[in-house]
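Colleague: Input: one structure, supplied below.
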Amino acid sequence: MKNRLRVLRAERNWSQVDLAERLEVSRRTISAIKTEKHDPSLPLLAFRIAHLFQRSIESIFQNDGAN
């Protein structure tokens with residue numbers, strides 16, 4: 001799943017560690033999401049990310065059509 005985490009972090013000058021701490025997950029999880037190796041679960045992480053950046057889930061994550 002494509003995402004805009006790198007851009008959103010850069011706009012706030014946050015490192016992966018900064019974002020991980022704010023979301024209460026590991027930096028490794030953030031890295032996996034950024035590189036599209038992990039899709040965040042909706043209730044656990046996607047909603048928290050959207051809330052943190054004050055954006056809709058759809059404005060951050062886009063389904064790339066791959067299964």
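Simple scheme: letters A, B, ... for chains in structure tokens order, numbers from 1 for residues in each chain, numbers from 1 for ligands in the order shown.
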Excluding same-chain residues fewer than 6 positions from Trp14 (chain A), what lies within 12 Å of it counting only C-alpha atoms, as a ChimeraX atom specification?

Modeller: /A:5-8,20-22,30,53

Colleague: Nearest to Phe47 (chain A): which of A:Ile33, A:Leu19, A:Ala10, A:Ile60 is it, counting only C-alpha atoms?

Modeller: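 Nearest candidate to Phe47 (chain A) out of A:Ile33, A:Leu19, A:Ala10, A:Ile60: A:Ile60.
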
Colleague: What gap, in Å, lies between CA of Ala46 (chain A) and CA of Phe61 (chain A)?

Modeller: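 CA of Phe61 (chain A) lies 8.4 Å from CA of Ala46 (chain A).
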
Colleague: Which of chain A counts as strand (DSSP E) under DSSP, as a PDB file with N, CA, C and O atoms, in the first residue's frame please?

Modeller:
ATOM      1  N   LYS A   2       0.684   2.082  -0.963  1.00  0.00           N
ATOM      2  CA  LYS A   2       1.470   3.313  -1.053  1.00  0.00           C
ATOM      3  C   LYS A   2       1.064   4.261   0.075  1.00  0.00           C
ATOM      4  O   LYS A   2      -0.070   4.232   0.520  1.00  0.00           O
ATOM      5  N   ASN A   3       2.008   5.085   0.510  1.00  0.00           N
ATOM      6  CA  ASN A   3       1.689   6.023   1.579  1.00  0.00           C
ATOM      7  C   ASN A   3       2.550   7.274   1.468  1.00  0.00           C
ATOM      8  O   ASN A   3       3.526   7.316   0.731  1.00  0.00           O
ATOM      9  N   PHE A  61      -2.827   6.968   2.753  1.00  0.00           N
ATOM     10  CA  PHE A  61      -2.616   5.633   2.190  1.00  0.00           C
ATOM     11  C   PHE A  61      -3.450   5.450   0.933  1.00  0.00           C
ATOM     12  O   PHE A  61      -4.602   5.840   0.878  1.00  0.00           O
ATOM     13  N   GLN A  62      -2.831   4.841  -0.079  1.00  0.00           N
ATOM     14  CA  GLN A  62      -3.539   4.526  -1.309  1.00  0.00           C
ATOM     15  C   GLN A  62      -3.280   3.070  -1.655  1.00  0.00           C
ATOM     16  O   GLN A  62      -2.122   2.637  -1.669  1.00  0.00           O
TER      17      GLN A  62
END

Colleague: What are the DSSP helix (DSSP H, G or I) residues of chain A, as an mmCIF file with C-alpha atoms, in the first residue's frame?

Modeller:
data_model
loop_
_atom_site.group_PDB
_atom_site.id
_atom_site.type_symbol
_atom_site.label_atom_id
_atom_site.label_comp_id
_atom_site.auth_asym_id
_atom_site.auth_seq_id
_atom_site.Cartn_x
_atom_site.Cartn_y
_atom_site.Cartn_z
ATOM 1 C CA LEU A 5 4.538 9.067 5.576
ATOM 2 C CA ARG A 6 7.931 10.298 4.393
ATOM 3 C CA VAL A 7 6.429 13.576 3.130
ATOM 4 C CA LEU A 8 4.281 14.088 6.219
ATOM 5 C CA ARG A 9 7.234 13.435 8.533
ATOM 6 C CA ALA A 10 9.405 15.846 6.539
ATOM 7 C CA GLU A 11 6.766 18.578 6.775
ATOM 8 C CA ARG A 12 7.066 18.332 10.560
ATOM 9 C CA GLN A 16 11.155 7.776 12.106
ATOM 10 C CA VAL A 17 11.897 7.541 15.827
ATOM 11 C CA ASP A 18 9.865 10.692 16.528
ATOM 12 C CA LEU A 19 6.873 9.283 14.653
ATOM 13 C CA ALA A 20 7.228 5.865 16.279
ATOM 14 C CA GLU A 21 7.235 7.421 19.739
ATOM 15 C CA ARG A 22 4.128 9.477 18.973
ATOM 16 C CA LEU A 23 2.308 6.370 17.709
ATOM 17 C CA ARG A 27 10.850 2.506 14.600
ATOM 18 C CA ARG A 28 11.068 -0.779 12.744
ATOM 19 C CA THR A 29 7.270 -0.733 12.259
ATOM 20 C CA ILE A 30 7.456 2.798 10.827
ATOM 21 C CA SER A 31 10.242 1.745 8.490
ATOM 22 C CA ALA A 32 8.253 -1.273 7.275
ATOM 23 C CA ILE A 33 5.182 0.889 6.588
ATOM 24 C CA LYS A 34 7.265 3.510 4.782
ATOM 25 C CA LEU A 42 -7.001 0.054 10.386
ATOM 26 C CA PRO A 43 -8.046 0.093 14.026
ATOM 27 C CA LEU A 44 -4.582 -0.140 15.471
ATOM 28 C CA LEU A 45 -2.433 2.150 13.389
ATOM 29 C CA ALA A 46 -3.967 3.716 10.293
ATOM 30 C CA PHE A 47 -6.537 5.694 12.282
ATOM 31 C CA ARG A 48 -3.875 6.801 14.776
ATOM 32 C CA ILE A 49 -1.606 7.973 11.950
ATOM 33 C CA ALA A 50 -4.459 9.886 10.301
ATOM 34 C CA HIS A 51 -5.404 11.493 13.621
ATOM 35 C CA LEU A 52 -1.811 12.453 14.392
ATOM 36 C CA PHE A 53 -1.365 14.177 11.017
ATOM 37 C CA ILE A 57 -6.728 7.832 5.932
ATOM 38 C CA GLU A 58 -7.284 8.063 2.180
ATOM 39 C CA SER A 59 -5.062 11.145 1.919
ATOM 40 C CA ILE A 60 -2.178 9.195 3.469
#
